[in-house]
Amino acid sequence: MDRVCTRRYGVEGIDELSYELGRLGNSKIMVFLFRDGANMEYSGARGIIEKTIRQFNLTSETCYVYYPDYISIDNATVIDHESWRLWEKQINQHIKDVPPAEPIFTQHFAGLFARFNLYRLKLFRHLYDNYRTQSVLAFNTNHIMYSTRFRVEFADDIAWANTNLPVSLDTTSTSGWLRYQDALANIDNLYNQYFIEIVSETDPHSNTFFTEKTMKNFWLGKPFILYSGAGSLAYLRSKGYQTFGSVINESYDTMENNYDRMTAIKHEIDRLAQLPINTLQEMHRSLQPIFNHNRMCVKANILKFEPSSVWMN
């Protein structure tokens, strides 16, 4: 489904896919594979799958859907491939020798973004305009994407982005995006410089899809604030991880309204920005049992990881 699901929550190539399925699909088993943040609900991909099931009279034995969460589709077997486990495994080979963070940082925040989306720009702009001297910042993109139908409503953001982006670290490029391998290769030069990372996930609406952006922090021993779907932190806790509610106001995770969730995160950034570094260092020390627990979770999950043959092939 990578062929048809775009990062802008649409589907492309429906005519072509439908034609090819019609040409090749008779008497075949259908496997629909979603990867890298494709959202079935918002993109309309569910409709394509349901149309294909009707077209070929598929059943749960002839139609399989690999997706980051379990959803119900009539006459299909849905396999939750838990992409966060895959990302744990992939990133560990790059950072397995990086020791846990220490409370030696001198900056409050990190905002490290690559590909553009609206929510990343909102967070990055808040950090850049208000707390630039207190932050480690990079936004490695010069490709700004807003729907032309909303250019009036977001004219100020577009103008700001065209004026200020890209922002790069000395060790990164501005080619429009940054490979996760390159970002992880540099993380050991950065992670002891700041207290907390502001993360915006690949799919800002899902609460089950997590990439290296989130998962690396469990290994490194770093707190984070996460802009993702409502209930994302609750989902991670259900998988055994511990988050940082003892020192961070994580009530934003319960907010279904995207604007309210973004506003609550900005307010928490504002609160933390007023705290002196030595207070944040004490917070870091108080979180040490959580950091240790999360690192052990990563180790245990990697040992238990059994990749699907679909991923391997």
# chains A, B, ... in the order shown; residues from 1 in each chain; ligands from 1
>>> residues_around(residues="Ser232 of chain A", least_positions_apart="2", cutoff="7 Å", atoms="only C-alpha atoms", output="PyMOL selection string")
chain A and resi 207-208+228-230+234-236+253
>>> closest_atom_pairs(of="segment 53-97 of chain A", to="segment 3-25 of chain A", cutoff="12 Å", atoms="only C-alpha atoms", output="CSV")
residue,atom,partner,partner_atom,distance
A:Ile53,CA,A:Gly25,CA,10.7
A:Arg54,CA,A:Gly22,CA,11.9
A:Gln55,CA,A:Gly22,CA,8.3
A:Phe56,CA,A:Gly25,CA,7.6
A:Asn57,CA,A:Gly25,CA,11.1
A:Leu58,CA,A:Gly25,CA,10.6
A:Thr62,CA,A:Gly25,CA,11.1
A:Cys63,CA,A:Gly25,CA,11.4
>>> select_by_dssp(residues="segment 255-287 of chain A", states="alpha helix (DSSP H)", output="ChimeraX atom specification")
/A:258-273,277-286
>>> residues_around(residues="Pro204 of chain A", least_positions_apart="6", cutoff="12 Å", atoms="only C-alpha atoms", output="PyMOL selection string")
chain A and resi 7-9+37-39+42+116-120+210-211+226-232+256+258+261-262
>>> select_by_dssp(residues="segment 99-168 of chain A", states="strand (DSSP E or B)", output="list in words")
Gln107, His108, Phe109, Ala110, Gly111, Leu112, Phe113, Ser135, Val136, Leu137, Ala138, Phe139 and Val167 of chain A
>>> residues_around(residues="Tyr131 of chain A", least_positions_apart="2", cutoff="9 Å", atoms="only C-alpha atoms", output="PDB file with C-alpha atoms, in the first residue's frame")
ATOM      1  CA  HIS A 108      16.185  22.785  27.925  1.00  0.00           C
ATOM      2  CA  PHE A 109      14.839  21.353  24.679  1.00  0.00           C
ATOM      3  CA  HIS A 126       7.294  27.827  19.000  1.00  0.00           C
ATOM      4  CA  LEU A 127      10.748  26.666  20.067  1.00  0.00           C
ATOM      5  CA  TYR A 128      12.598  28.762  17.504  1.00  0.00           C
ATOM      6  CA  ASP A 129      10.734  32.009  18.156  1.00  0.00           C
ATOM      7  CA  THR A 133      18.919  29.998  22.935  1.00  0.00           C
ATOM      8  CA  GLN A 134      17.607  27.231  25.210  1.00  0.00           C
ATOM      9  CA  SER A 135      17.276  24.582  22.524  1.00  0.00           C
ATOM     10  CA  ASP A 270       6.493  27.315  28.337  1.00  0.00           C
ATOM     11  CA  ALA A 273      11.341  26.905  29.892  1.00  0.00           C
TER      12      ALA A 273
END
>>> residues_around(residues="Val298 of chain A", least_positions_apart="2", cutoff="8 Å", atoms="only C-alpha atoms", output="PyMOL selection string")
chain A and resi 88+218-219+294-296+300-302
>>> closest_residue(among="A:Met40, A:Leu303, A:Leu190, A:Leu123", to="Ala264 of chain A", atoms="only C-alpha atoms")
A:Leu123
>>> closest_residue(among="A:His81, A:Arg115, A:Arg46, A:His94", to="Thr202 of chain A", atoms="only C-alpha atoms")
A:Arg115
>>> residues_around(residues="segment 95-99 of chain A", least_positions_apart="5", cutoff="8 Å", atoms="only C-alpha atoms", output="PyMOL selection string")
chain A and resi 184-185+188+220
>>> write_last_selection(atoms="C-alpha atoms", output="PDB file, in the first residue's frame")
ATOM      1  CA  LEU A 184      21.009   8.211  14.824  1.00  0.00           C
ATOM      2  CA  ALA A 185      24.677   8.288  13.823  1.00  0.00           C
ATOM      3  CA  ASP A 188      25.472  10.521  20.706  1.00  0.00           C
ATOM      4  CA  LEU A 220      18.960   6.742  25.612  1.00  0.00           C
TER       5      LEU A 220
END
>>> residues_around(residues="Tyr64 of chain A", least_positions_apart="5", cutoff="7 Å", atoms="only C-alpha atoms", output="ChimeraX atom specification")
/A:30-32,76-78
>>> write_last_selection(atoms="N, CA and C atoms", output="mmCIF file, in the first residue's frame")
data_model
loop_
_atom_site.group_PDB
_atom_site.id
_atom_site.type_symbol
_atom_site.label_atom_id
_atom_site.label_comp_id
_atom_site.auth_asym_id
_atom_site.auth_seq_id
_atom_site.Cartn_x
_atom_site.Cartn_y
_atom_site.Cartn_z
ATOM 1 N N MET A 30 -4.552 -12.231 -1.533
ATOM 2 C CA MET A 30 -4.198 -10.817 -1.470
ATOM 3 C C MET A 30 -3.567 -10.495 -0.117
ATOM 4 N N VAL A 31 -2.424 -9.825 -0.155
ATOM 5 C CA VAL A 31 -1.758 -9.359 1.060
ATOM 6 C C VAL A 31 -1.557 -7.856 0.936
ATOM 7 N N PHE A 32 -2.155 -7.093 1.826
ATOM 8 C CA PHE A 32 -2.028 -5.639 1.835
ATOM 9 C C PHE A 32 -1.088 -5.248 2.971
ATOM 10 N N ALA A 76 -11.478 -10.382 6.050
ATOM 11 C CA ALA A 76 -10.019 -10.225 5.971
ATOM 12 C C ALA A 76 -9.405 -10.610 7.305
ATOM 13 N N THR A 77 -8.204 -11.156 7.254
ATOM 14 C CA THR A 77 -7.417 -11.412 8.459
ATOM 15 C C THR A 77 -6.454 -10.254 8.645
ATOM 16 N N VAL A 78 -6.615 -9.521 9.755
ATOM 17 C CA VAL A 78 -5.758 -8.374 10.041
ATOM 18 C C VAL A 78 -4.664 -8.815 10.997
#
>>> closest_residue(among="A:Ala155, A:Ala183, A:Leu178, A:Ile104", to="Arg285 of chain A", atoms="only C-alpha atoms")
A:Ile104
>>> atom_distance(atom1="atom CA of Phe105 of chain A", atom2="atom CA of Arg271 of chain A")
18.0 Å
>>> decode(residues="segment 9-37 of chain A", atoms="N, CA, C and O atoms", output="CSV table (one decimal), in the first residue's frame")
chain,number,residue,atom,x,y,z
A,9,TYR,N,-2.2,12.0,3.7
A,9,TYR,CA,-3.4,11.4,4.0
A,9,TYR,C,-4.4,11.4,2.8
A,9,TYR,O,-5.5,11.8,2.9
A,10,GLY,N,-3.8,11.0,1.7
A,10,GLY,CA,-4.6,10.7,0.5
A,10,GLY,C,-4.2,9.4,-0.1
A,10,GLY,O,-3.2,8.8,0.3
A,11,VAL,N,-4.9,9.0,-1.2
A,11,VAL,CA,-4.4,7.9,-2.0
A,11,VAL,C,-4.3,8.3,-3.4
A,11,VAL,O,-5.1,9.1,-3.9
A,12,GLU,N,-3.3,7.8,-4.0
A,12,GLU,CA,-3.0,8.1,-5.4
A,12,GLU,C,-2.8,6.8,-6.2
A,12,GLU,O,-2.5,5.8,-5.6
A,13,GLY,N,-3.1,6.8,-7.5
A,13,GLY,CA,-2.9,5.6,-8.3
A,13,GLY,C,-4.0,4.6,-8.1
A,13,GLY,O,-3.8,3.4,-8.3
A,14,ILE,N,-5.2,5.1,-7.7
A,14,ILE,CA,-6.3,4.1,-7.5
A,14,ILE,C,-6.7,3.5,-8.8
A,14,ILE,O,-6.9,2.2,-8.8
A,15,ASP,N,-6.8,4.2,-9.9
A,15,ASP,CA,-7.2,3.6,-11.2
A,15,ASP,C,-6.2,2.6,-11.6
A,15,ASP,O,-6.5,1.5,-12.0
A,16,GLU,N,-4.9,2.9,-11.4
A,16,GLU,CA,-3.8,2.0,-11.8
A,16,GLU,C,-3.9,0.7,-11.0
A,16,GLU,O,-3.7,-0.4,-11.5
A,17,LEU,N,-4.0,0.9,-9.7
A,17,LEU,CA,-4.0,-0.3,-8.8
A,17,LEU,C,-5.2,-1.1,-9.1
A,17,LEU,O,-5.1,-2.4,-9.1
A,18,SER,N,-6.4,-0.5,-9.2
A,18,SER,CA,-7.6,-1.3,-9.5
A,18,SER,C,-7.5,-2.1,-10.8
A,18,SER,O,-7.9,-3.3,-10.9
A,19,TYR,N,-6.9,-1.5,-11.8
A,19,TYR,CA,-6.7,-2.2,-13.1
A,19,TYR,C,-5.7,-3.3,-13.0
A,19,TYR,O,-6.0,-4.4,-13.4
A,20,GLU,N,-4.6,-3.1,-12.3
A,20,GLU,CA,-3.6,-4.2,-12.1
A,20,GLU,C,-4.2,-5.3,-11.3
A,20,GLU,O,-3.9,-6.5,-11.5
A,21,LEU,N,-4.9,-5.0,-10.2
A,21,LEU,CA,-5.6,-6.0,-9.4
A,21,LEU,C,-6.5,-6.8,-10.3
A,21,LEU,O,-6.6,-8.1,-10.2
A,22,GLY,N,-7.3,-6.1,-11.1
A,22,GLY,CA,-8.2,-6.9,-12.0
A,22,GLY,C,-7.5,-7.8,-13.0
A,22,GLY,O,-8.0,-8.9,-13.3
A,23,ARG,N,-6.4,-7.3,-13.4
A,23,ARG,CA,-5.6,-8.1,-14.4
A,23,ARG,C,-4.9,-9.3,-13.8
A,23,ARG,O,-4.8,-10.4,-14.4
A,24,LEU,N,-4.4,-9.1,-12.6
A,24,LEU,CA,-3.6,-10.2,-12.0
A,24,LEU,C,-4.2,-10.9,-10.8
A,24,LEU,O,-3.7,-11.9,-10.3
A,25,GLY,N,-5.4,-10.5,-10.3
A,25,GLY,CA,-5.9,-10.9,-9.0
A,25,GLY,C,-6.7,-12.1,-9.0
A,25,GLY,O,-7.0,-12.7,-7.9
A,26,ASN,N,-7.2,-12.6,-10.1
A,26,ASN,CA,-8.1,-13.8,-10.1
A,26,ASN,C,-7.4,-15.0,-9.5
A,26,ASN,O,-6.2,-15.3,-9.8
A,27,SER,N,-8.1,-15.7,-8.5
A,27,SER,CA,-7.6,-16.9,-7.8
A,27,SER,C,-6.3,-16.6,-7.1
A,27,SER,O,-5.5,-17.6,-6.9
A,28,LYS,N,-6.0,-15.4,-6.7
A,28,LYS,CA,-4.8,-15.1,-5.9
A,28,LYS,C,-5.2,-14.8,-4.4
A,28,LYS,O,-6.3,-14.4,-4.1
A,29,ILE,N,-4.2,-15.0,-3.6
A,29,ILE,CA,-4.3,-14.6,-2.2
A,29,ILE,C,-3.8,-13.1,-2.2
A,29,ILE,O,-2.8,-12.8,-2.7
A,30,MET,N,-4.6,-12.2,-1.5
A,30,MET,CA,-4.2,-10.8,-1.5
A,30,MET,C,-3.6,-10.5,-0.1
A,30,MET,O,-4.1,-10.9,0.9
A,31,VAL,N,-2.4,-9.8,-0.2
A,31,VAL,CA,-1.8,-9.4,1.1
A,31,VAL,C,-1.6,-7.9,0.9
A,31,VAL,O,-0.9,-7.4,0.0
A,32,PHE,N,-2.2,-7.1,1.8
A,32,PHE,CA,-2.0,-5.6,1.8
A,32,PHE,C,-1.1,-5.2,3.0
A,32,PHE,O,-1.4,-5.5,4.1
A,33,LEU,N,0.0,-4.6,2.6
A,33,LEU,CA,1.1,-4.3,3.6
A,33,LEU,C,1.2,-2.8,3.8
A,33,LEU,O,1.4,-2.1,2.8
A,34,PHE,N,1.0,-2.3,5.0
A,34,PHE,CA,1.1,-0.9,5.3
A,34,PHE,C,2.4,-0.7,6.1
A,34,PHE,O,2.7,-1.4,7.0
A,35,ARG,N,3.2,0.3,5.7
A,35,ARG,CA,4.4,0.6,6.4
A,35,ARG,C,4.6,2.1,6.5
A,35,ARG,O,4.0,2.9,5.8
A,36,ASP,N,5.5,2.5,7.4
A,36,ASP,CA,6.0,3.9,7.5
A,36,ASP,C,4.9,5.0,7.6
A,36,ASP,O,4.9,6.0,6.9
A,37,GLY,N,3.9,4.7,8.5
A,37,GLY,CA,3.0,5.8,8.8
A,37,GLY,C,1.8,5.9,8.0
A,37,GLY,O,1.0,6.8,8.1
